[in-house]
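J.: What follows is run.csv; its format and atoms are CSV, C-alpha atoms and all ligand atoms.
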```
chain,number,residue,atom,x,y,z
A,1,MET,CA,88.0,126.3,50.2
A,2,LYS,CA,90.2,123.2,50.7
A,3,ALA,CA,93.1,125.4,51.7
A,4,LEU,CA,90.9,127.2,54.2
A,5,SER,CA,89.8,124.0,55.8
A,6,THR,CA,93.4,122.7,56.0
A,7,SER,CA,94.5,125.9,57.7
A,8,PHE,CA,91.6,125.7,60.1
A,9,LYS,CA,92.7,122.1,61.0
A,10,TYR,CA,96.2,123.4,61.6
A,11,LEU,CA,94.9,126.2,63.8
A,12,ALA,CA,92.7,123.8,65.8
A,13,ALA,CA,95.7,121.5,66.3
A,14,LEU,CA,97.9,124.4,67.4
A,15,LEU,CA,95.2,125.6,69.8
A,16,LEU,CA,95.0,122.0,71.2
A,17,VAL,CA,98.8,121.9,71.8
A,18,VAL,CA,98.7,125.3,73.5
A,19,PHE,CA,95.8,124.1,75.7
A,20,ILE,CA,97.7,120.9,76.6
A,21,ILE,CA,100.9,122.9,77.5
A,22,GLY,CA,98.7,125.3,79.5
A,23,CYS,CA,97.3,122.3,81.5
A,24,MET,CA,100.8,121.0,82.1
A,25,ASP,CA,101.9,124.5,83.2
A,26,SER,CA,99.0,124.8,85.7
A,27,LYS,CA,100.4,121.6,87.2
A,28,LYS,CA,103.9,123.0,87.3
A,29,PRO,CA,104.9,123.4,90.9
A,30,ASP,CA,106.1,126.6,92.4
A,31,THR,CA,109.8,127.1,92.1
A,32,LYS,CA,110.4,130.0,94.5
A,33,ASP,CA,110.2,128.1,97.7
A,34,LYS,CA,113.4,128.3,99.8
A,35,LEU,CA,114.3,127.5,103.3
A,36,ASP,CA,114.5,131.3,103.8
A,37,ILE,CA,112.7,131.9,107.1
A,38,LYS,CA,114.8,132.4,110.1
A,39,ILE,CA,114.0,130.4,113.1
A,40,ASN,CA,114.9,132.1,116.4
A,41,PRO,CA,116.7,129.8,118.8
A,42,SER,CA,114.3,131.0,121.5
A,43,GLU,CA,111.4,129.3,119.5
A,44,LEU,CA,113.0,125.9,119.9
A,45,LYS,CA,112.7,123.7,122.9
A,46,THR,CA,115.0,120.8,122.8
A,47,ASP,CA,113.4,118.7,125.5
A,48,ILE,CA,111.3,116.7,123.0
A,49,PRO,CA,113.3,113.5,122.2
A,50,TYR,CA,113.0,111.9,118.8
A,51,ILE,CA,114.5,109.2,116.6
A,52,ASP,CA,115.7,110.5,113.2
A,53,ALA,CA,115.0,107.5,111.0
A,54,HIS,CA,116.4,108.5,107.6
A,55,ASN,CA,119.9,109.9,107.3
A,56,HIS,CA,123.2,109.4,105.4
A,57,LEU,CA,126.8,109.9,106.2
A,58,PHE,CA,129.1,111.5,103.7
A,59,GLY,CA,132.6,109.9,103.7
A,60,GLY,CA,134.3,112.3,101.4
A,61,LYS,CA,135.6,111.5,97.9
A,62,ASP,CA,138.0,108.8,99.2
A,63,GLY,CA,135.3,107.4,101.6
A,64,ARG,CA,137.6,107.8,104.6
A,65,GLY,CA,135.5,110.3,106.4
A,66,PHE,CA,132.7,108.1,107.7
A,67,TYR,CA,134.1,107.9,111.2
A,68,GLU,CA,134.3,111.7,111.6
A,69,ALA,CA,130.9,112.1,110.0
A,70,ALA,CA,129.4,109.8,112.6
A,71,THR,CA,131.2,111.8,115.4
A,72,HIS,CA,129.8,115.0,113.9
A,73,ALA,CA,126.3,113.4,113.8
A,74,VAL,CA,126.5,112.5,117.5
A,75,THR,CA,127.4,116.1,118.4
A,76,ILE,CA,124.3,117.3,116.6
A,77,MET,CA,122.2,114.5,118.2
A,78,ASP,CA,123.3,115.6,121.7
A,79,GLU,CA,122.5,119.2,121.0
A,80,LEU,CA,119.0,118.4,119.7
A,81,ASN,CA,118.0,115.5,121.9
A,82,ILE,CA,117.9,113.0,119.0
A,83,LYS,CA,118.1,109.8,120.9
A,84,LYS,CA,119.0,107.6,117.9
A,85,MET,CA,119.7,108.0,114.2
A,86,ILE,CA,119.1,105.6,111.4
A,87,ILE,CA,121.8,105.7,108.8
A,88,MET,CA,121.5,104.1,105.4
A,89,PRO,CA,123.4,104.1,102.2
A,90,PRO,CA,121.9,106.6,99.7
A,91,PRO,CA,120.2,104.9,96.8
A,92,GLN,CA,122.9,104.4,94.2
A,93,ALA,CA,123.3,103.7,90.6
A,94,GLN,CA,126.0,102.1,88.4
A,95,GLY,CA,128.5,104.6,87.2
A,96,PHE,CA,128.2,107.2,90.0
A,97,GLY,CA,130.9,105.8,92.3
A,98,ASN,CA,130.5,104.3,95.7
A,99,ARG,CA,128.7,106.7,98.1
A,100,GLY,CA,129.0,104.2,100.9
A,101,THR,CA,127.5,100.8,101.5
A,102,PHE,CA,126.2,99.2,104.7
A,103,PHE,CA,129.7,97.7,105.2
A,104,ASP,CA,131.3,101.2,105.0
A,105,LEU,CA,128.8,102.8,107.4
A,106,PHE,CA,128.3,100.2,110.0
A,107,PRO,CA,131.8,100.1,111.5
A,108,ALA,CA,131.7,103.9,111.8
A,109,VAL,CA,128.5,104.0,113.7
A,110,GLN,CA,129.4,101.0,115.9
A,111,ARG,CA,131.7,103.3,117.8
A,112,TYR,CA,128.7,104.8,119.5
A,113,PRO,CA,126.7,101.9,120.9
A,114,GLY,CA,123.0,102.6,121.1
A,115,ARG,CA,123.1,105.8,119.2
A,116,PHE,CA,122.7,104.5,115.6
A,117,ALA,CA,121.1,101.8,113.6
A,118,CYS,CA,121.8,101.0,110.0
A,119,LEU,CA,119.8,99.8,107.0
A,120,GLY,CA,121.4,97.9,104.1
A,121,GLY,CA,120.8,97.6,100.3
A,122,GLY,CA,120.9,101.1,99.0
A,123,GLY,CA,124.5,100.6,97.7
A,124,SER,CA,124.0,97.2,96.3
A,125,LEU,CA,120.6,95.6,96.0
A,126,ASN,CA,119.1,98.9,94.7
A,127,ILE,CA,121.7,98.9,92.0
A,128,MET,CA,120.9,95.3,91.0
A,129,ILE,CA,117.2,96.2,90.7
A,130,HIS,CA,117.8,99.2,88.5
A,131,GLN,CA,120.3,97.3,86.3
A,132,ASN,CA,117.6,94.8,85.7
A,133,LYS,CA,114.6,97.1,85.6
A,134,HIS,CA,113.1,95.6,82.4
A,135,ARG,CA,113.4,92.0,83.4
A,136,LYS,CA,110.2,90.3,84.6
A,137,VAL,CA,111.6,86.8,85.5
A,138,PHE,CA,114.5,85.8,87.8
A,139,ASN,CA,115.6,82.2,88.1
A,140,ARG,CA,116.1,80.4,91.4
A,141,PRO,CA,119.9,80.9,91.7
A,142,GLU,CA,119.5,84.6,91.0
A,143,LYS,CA,116.8,84.9,93.7
A,144,ASN,CA,119.0,82.9,96.1
A,145,ARG,CA,121.9,85.3,95.5
A,146,PHE,CA,119.6,88.3,96.1
A,147,ARG,CA,118.3,86.7,99.3
A,148,GLN,CA,121.8,85.9,100.6
A,149,LYS,CA,122.9,89.4,100.1
A,150,ALA,CA,119.9,90.8,101.8
A,151,GLU,CA,120.1,88.4,104.7
A,152,LEU,CA,123.9,89.1,105.1
A,153,PHE,CA,123.0,92.7,106.0
A,154,LEU,CA,120.6,91.5,108.7
A,155,SER,CA,123.1,89.0,110.1
A,156,LYS,CA,125.7,91.7,110.4
A,157,GLY,CA,123.5,94.0,112.3
A,158,ALA,CA,121.2,95.9,109.8
A,159,VAL,CA,117.7,96.6,111.2
A,160,GLY,CA,116.0,96.8,107.7
A,161,PHE,CA,116.6,97.6,104.1
A,162,GLY,CA,117.2,101.1,102.6
A,163,GLU,CA,117.4,103.4,100.8
A,164,PHE,CA,115.6,102.0,97.8
A,165,THR,CA,114.2,104.0,94.9
A,166,GLY,CA,111.3,103.7,92.5
A,167,VAL,CA,111.2,107.2,90.9
A,168,HIS,CA,114.0,109.5,92.2
A,169,PHE,CA,114.8,112.8,90.6
A,170,SER,CA,118.3,114.0,89.7
A,171,PHE,CA,119.2,117.4,91.3
A,172,ALA,CA,122.7,117.6,89.8
A,173,ASN,CA,124.7,115.9,87.1
A,174,ASP,CA,126.5,113.7,89.7
A,175,HIS,CA,123.1,112.7,91.2
A,176,PRO,CA,121.2,109.9,89.3
A,177,PHE,CA,117.7,109.9,88.0
A,178,HIS,CA,116.1,106.5,88.8
A,179,SER,CA,112.9,105.0,87.6
A,180,VAL,CA,111.7,101.5,88.2
A,181,SER,CA,108.2,100.3,89.1
A,182,ALA,CA,107.8,99.5,92.8
A,183,ASP,CA,106.2,96.2,91.8
A,184,HIS,CA,109.4,95.0,90.1
A,185,PRO,CA,109.8,91.3,90.9
A,186,LEU,CA,112.9,91.9,93.0
A,187,PHE,CA,111.1,94.5,95.1
A,188,LEU,CA,108.3,92.0,95.7
A,189,PHE,CA,110.9,89.4,96.6
A,190,LEU,CA,112.6,91.9,98.9
A,191,ALA,CA,109.2,92.5,100.6
A,192,ASP,CA,108.9,88.7,101.3
A,193,ILE,CA,112.4,88.7,102.7
A,194,ALA,CA,111.6,91.7,104.9
A,195,ALA,CA,108.4,90.1,106.1
A,196,ASP,CA,110.2,86.9,107.0
A,197,HIS,CA,112.5,88.9,109.3
A,198,ASN,CA,110.0,91.4,110.5
A,199,VAL,CA,112.1,94.4,109.3
A,200,PRO,CA,111.0,97.4,107.2
A,201,ILE,CA,112.0,98.6,103.8
A,202,ASP,CA,112.7,102.3,103.2
A,203,ILE,CA,111.7,103.4,99.7
A,204,HIS,CA,111.9,106.8,98.0
A,205,ASN,CA,109.3,107.1,95.2
A,206,GLU,CA,108.1,110.4,93.8
A,207,ALA,CA,104.3,110.3,93.5
A,208,VAL,CA,103.1,110.4,89.9
A,209,LEU,CA,99.3,109.9,89.7
A,210,GLN,CA,99.2,110.1,85.9
A,211,ASP,CA,101.7,110.5,83.1
A,212,MET,CA,103.0,114.1,83.2
A,213,ALA,CA,105.6,116.4,81.8
A,214,PHE,CA,108.7,116.5,84.0
A,215,PRO,CA,108.3,119.3,86.6
A,216,SER,CA,110.1,122.4,85.7
A,217,SER,CA,112.2,124.1,88.4
A,218,LYS,CA,115.7,125.7,88.6
A,219,LYS,CA,116.8,123.1,91.1
A,220,LEU,CA,115.9,120.3,88.7
A,221,GLU,CA,117.4,122.1,85.7
A,222,ARG,CA,120.8,121.8,87.3
A,223,SER,CA,120.8,118.3,86.1
A,224,ARG,CA,120.6,117.1,82.5
A,225,ARG,CA,119.7,113.5,83.6
A,226,ASN,CA,116.0,113.9,84.1
A,227,PRO,CA,113.5,112.8,81.4
A,228,SER,CA,110.9,115.0,79.8
A,229,LEU,CA,108.1,112.7,80.7
A,230,LEU,CA,107.1,110.9,83.9
A,231,LEU,CA,105.0,107.8,83.9
A,232,GLU,CA,102.2,107.0,86.4
A,233,ASN,CA,103.7,105.0,89.2
A,234,MET,CA,101.2,104.7,92.1
A,235,ALA,CA,99.5,101.5,90.8
A,236,GLY,CA,102.9,99.7,91.0
A,237,PHE,CA,103.5,101.1,94.5
A,238,GLU,CA,100.1,99.8,95.7
A,239,ASN,CA,101.0,96.4,94.2
A,240,LEU,CA,104.1,96.4,96.4
A,241,LEU,CA,102.1,97.3,99.4
A,242,LYS,CA,99.5,94.6,98.7
A,243,HIS,CA,102.0,91.9,97.8
A,244,ASN,CA,102.8,90.9,101.4
A,245,ARG,CA,101.0,92.6,104.2
A,246,LYS,CA,103.6,91.5,106.7
A,247,ALA,CA,106.2,93.6,104.9
A,248,LYS,CA,106.4,97.0,106.6
A,249,ILE,CA,107.0,99.6,103.9
A,250,ILE,CA,108.3,103.1,104.8
A,251,TRP,CA,107.5,105.6,102.1
A,252,ALA,CA,110.3,108.1,102.6
A,253,HIS,CA,110.0,111.9,102.5
A,254,SER,CA,106.4,112.6,103.4
A,255,GLY,CA,105.9,116.4,103.1
A,256,TRP,CA,108.7,116.8,100.5
A,257,CYS,CA,106.9,116.6,97.2
A,258,ASN,CA,108.4,117.3,93.8
A,259,THR,CA,105.5,116.5,91.5
A,260,GLY,CA,102.5,118.1,93.1
A,261,ASP,CA,100.9,114.7,93.6
A,262,ARG,CA,102.1,113.7,97.1
A,263,THR,CA,99.2,115.4,98.8
A,264,ALA,CA,97.7,114.8,102.3
A,265,GLU,CA,94.7,113.4,100.3
A,266,LEU,CA,96.7,110.8,98.4
A,267,SER,CA,98.5,109.9,101.7
A,268,ARG,CA,95.2,109.4,103.4
A,269,THR,CA,93.9,107.1,100.6
A,270,LEU,CA,97.0,104.9,100.7
A,271,LEU,CA,97.2,104.8,104.5
A,272,SER,CA,93.5,103.8,104.7
A,273,LYS,CA,94.0,101.0,102.2
A,274,ASN,CA,97.3,99.7,103.3
A,275,PRO,CA,97.9,98.9,107.0
A,276,ASN,CA,101.6,98.0,106.3
A,277,LEU,CA,102.4,101.5,105.0
A,278,TYR,CA,104.4,103.9,107.1
A,279,MET,CA,105.7,107.4,106.1
A,280,SER,CA,108.8,109.2,107.3
A,281,ILE,CA,108.6,113.0,107.4
A,282,LYS,CA,111.1,115.3,105.7
A,283,LEU,CA,110.7,119.0,106.1
A,284,ARG,CA,113.0,120.4,103.4
A,285,PRO,CA,110.9,122.4,100.9
A,286,GLY,CA,110.2,120.3,97.8
A,287,ILE,CA,109.4,121.7,94.4
A,288,ALA,CA,105.7,121.5,95.2
A,289,LYS,CA,105.6,123.7,98.3
A,290,GLU,CA,101.8,123.3,98.7
A,291,ASN,CA,102.5,119.7,100.0
A,292,LYS,CA,104.8,120.8,102.8
A,293,MET,CA,104.0,119.5,106.3
A,294,LEU,CA,105.0,122.7,108.1
A,295,ASN,CA,103.9,126.2,107.2
A,296,LEU,CA,106.9,128.2,108.3
A,297,ARG,CA,105.3,131.6,107.9
A,298,LYS,CA,102.4,130.8,110.1
A,299,ARG,CA,104.3,128.4,112.3
A,300,ILE,CA,101.5,125.8,111.9
A,301,ILE,CA,101.1,122.3,110.6
A,302,PRO,CA,98.5,122.8,107.7
A,303,PRO,CA,95.1,121.5,108.8
A,304,GLN,CA,94.9,118.7,106.2
A,305,TRP,CA,98.3,117.3,107.4
A,306,LEU,CA,97.5,117.7,111.1
A,307,ALA,CA,94.2,115.8,110.6
A,308,LEU,CA,96.1,113.1,108.7
A,309,LEU,CA,98.7,112.7,111.5
A,310,GLN,CA,95.9,112.6,114.1
A,311,ASP,CA,93.9,110.0,112.1
A,312,PHE,CA,97.0,107.8,111.6
A,313,PRO,CA,99.1,108.5,114.7
A,314,ASP,CA,101.0,105.2,114.5
A,315,ARG,CA,102.1,105.4,110.9
A,316,PHE,CA,104.5,108.4,110.8
A,317,ILE,CA,108.1,108.8,111.9
A,318,ILE,CA,110.7,111.5,111.5
A,319,GLY,CA,113.3,111.0,108.7
A,320,THR,CA,115.1,114.3,107.9
A,321,ASP,CA,117.3,112.9,105.1
A,322,GLN,CA,120.4,114.8,105.9
A,323,PHE,CA,123.9,114.0,104.9
A,324,TYR,CA,126.4,114.3,107.8
A,325,SER,CA,130.0,114.9,106.8
A,326,ALA,CA,133.1,115.5,108.9
A,327,PRO,CA,133.0,118.8,110.8
A,328,GLY,CA,134.0,121.6,108.5
A,329,GLY,CA,133.6,119.2,105.5
A,330,LYS,CA,131.4,119.9,102.5
A,331,GLN,CA,127.8,120.2,103.4
A,332,LEU,CA,125.8,118.5,100.7
A,333,ARG,CA,122.4,120.1,101.3
A,334,PRO,CA,120.8,122.7,103.5
A,335,GLN,CA,120.4,121.4,107.0
A,336,THR,CA,116.9,121.2,108.4
A,337,ASN,CA,117.4,120.3,112.1
A,338,ALA,CA,115.9,123.6,113.3
A,339,VAL,CA,112.8,123.1,111.1
A,340,THR,CA,112.4,119.6,112.4
A,341,GLN,CA,112.8,120.8,116.0
A,342,LEU,CA,110.1,123.5,115.3
A,343,PHE,CA,107.9,120.7,113.8
A,344,MET,CA,108.3,118.6,116.9
A,345,ASN,CA,107.5,121.6,119.1
A,346,THR,CA,104.4,122.4,117.0
A,347,LEU,CA,103.0,118.8,117.2
A,348,PRO,CA,100.4,118.2,119.9
A,349,PRO,CA,102.5,116.5,122.7
A,350,ASP,CA,100.8,113.0,122.4
A,351,LEU,CA,101.6,113.0,118.7
A,352,ALA,CA,105.2,114.2,119.2
A,353,LYS,CA,105.7,111.3,121.6
A,354,LYS,CA,104.4,108.7,119.1
A,355,ILE,CA,106.0,110.1,116.0
A,356,GLY,CA,109.2,111.0,117.7
A,357,MET,CA,109.9,107.9,119.7
A,358,GLU,CA,107.2,105.2,120.0
A,359,ASN,CA,106.5,104.6,116.3
A,360,PRO,CA,110.1,104.2,115.1
A,361,SER,CA,110.9,102.0,118.2
A,362,LYS,CA,108.1,99.6,117.3
A,363,LEU,CA,108.8,99.7,113.5
A,364,PHE,CA,112.5,98.9,113.9
A,365,ASN,CA,112.1,96.6,116.9
A,366,PHE,CA,114.3,98.8,119.2
A,367,GLN,CA,114.2,97.6,122.8
A,368,GLY,CA,114.1,100.0,125.6
A,369,VAL,CA,114.5,103.2,123.6
A,370,CYS,CA,111.3,104.8,124.7
B,1,ZN,ZN,115.5,109.8,99.5
```
Can you give me the file's structure in the form of structure tokens?

T.:
Amino acid sequence: MKALSTSFKYLAALLLVVFIIGCMDSKKPDTKDKLDIKINPSELKTDIPYIDAHNHLFGGKDGRGFYEAATHAVTIMDELNIKKMIIMPPPQAQGFGNRGTFFDLFPAVQRYPGRFACLGGGGSLNIMIHQNKHRKVFNRPEKNRFRQKAELFLSKGAVGFGEFTGVHFSFANDHPFHSVSADHPLFLFLADIAADHNVPIDIHNEAVLQDMAFPSSKKLERSRRNPSLLLENMAGFENLLKHNRKAKIIWAHSGWCNTGDRTAELSRTLLSKNPNLYMSIKLRPGIAKENKMLNLRKRIIPPQWLALLQDFPDRFIIGTDQFYSAPGGKQLRPQTNAVTQLFMNTLPPDLAKKIGMENPSKLFNFQGVC
């Protein structure tokens, strides 16, 4: 009898595990999505100007290609009517080499006055935050050093801080996984510095509403750096938003979701509660394709996203997140300029004007751009 009840317990435990895995599986995002729909050039009008507010330059392994990469970017900008492009160092981690800091990028883009602006911090301050991710207290000299570094970027011409990372997935072994809470003391301090200077912070942070198994997808399996479990991170993100309402926070990559949680509904809740929150739109398919902002098959912006853009017309900008390399150089990722053009063409004209030009001009304090 005892043996029977023990095996019943084992069976019940096994069923529970199967049930939990099943629940995780139902959350598992679709992996089949690809940028596989052709866009006919005749569908694209290029008379809608926009500012592309989140991009990177790839300088090659020796870092000497930033000038040519900037020249290449200008050629594309002229083709597509991109009036201005914001370039920032990608969010970096120790041990992955230098992928470019503000001081590598800025001289390259200065050759084209008025066409580019730069953010600083992704190649230095972001590394400092992640190296100290478990520390809760920083003394005055440490904070002074952090502030000096941040303010140096601004004094040399940066228009804000980026790209920073809370949770960032690794898509290849040479691409780091990052995880730090967005209310880390140095992020809160950075928000104060940004508020003092009226400049924005650009932060990449995958949305995780509750602890979950790491999403499974072929793209993510290319890397062995990702963990098996993701911890809830939206409470920390809200703490950052609340900390200093004068700090303008750009949550990068709206419409590119890799957890299933960055929905129009979550975006609506956060935008309603946080007047200092902005979002930059990225149209590359994420792992969770249900949260894309453009339905390529139907050529429409899904109704929940369109309603969100219409209800918060001042809070969105374009940020395609492309890496520009020298012409003929290695392309790091699929290019999404055609999709972005289609998105601009699909937006109602008043929204296209705001999202394309007016919002980024205000956010980054550009004079006379629109
Ligand atoms: Zn990013």

J.: Which residue gives the smallest distance to ligand ZN 1 (chain B) among A:Asp321, A:Asp78, A:Asp62, A:Glu290, with only C-alpha atoms and all ligand atoms counted?

T.: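 Looking only at the distances to ligand ZN 1 (chain B), the closest residue turns out to be A:Asp321.
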
J.: Kindly work out which residues sit at most 9 Å from ligand ZN 1 (chain B), using all atoms listed in the file, and give the list as a list in words.

T.: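 Residues lying within 9 Å of ligand ZN 1 (chain B): His54, Asn55, Pro90, Pro91, Glu163, Phe164, Thr165, His168, Asp202, Ile203, His204, Asn205, Ala252, His253 and Asp321 of chain A.
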
J.: To one decimal place, how far is atom CA of Gly166 of chain A from atom CA of Glu206 of chain A in Å?

T.: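 Rounded to one decimal, the two atoms are 7.5 Å apart.
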
J.: Go through A:Gly157, A:Gly65, A:Pro348, A:Pro285 one by one, measure the shortest atom-to-atom distance of each to Ile301 of chain A using only C-alpha atoms, and give the residue with the smallest value.

T.: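 Once distances to Ile301 of chain A are computed over only C-alpha atoms, the minimum belongs to A:Pro348.
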
J.: List the neighbours of Gly356 of chain A out to 6 Å using all atoms listed in the file; skip same-chain residues closer than 2 positions along the sequence, and give me the result as number ranges by chain.

T.: A: 50-51, 352-354

J.: Smallest atom-to-atom distance to Cys257 of chain A: which of A:Leu270, A:Glu232, A:Glu238, A:Ile281, using all atoms listed in the file?

T.: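 When distances to Cys257 of chain A are compared using all atoms listed in the file, the smallest one comes from A:Ile281.
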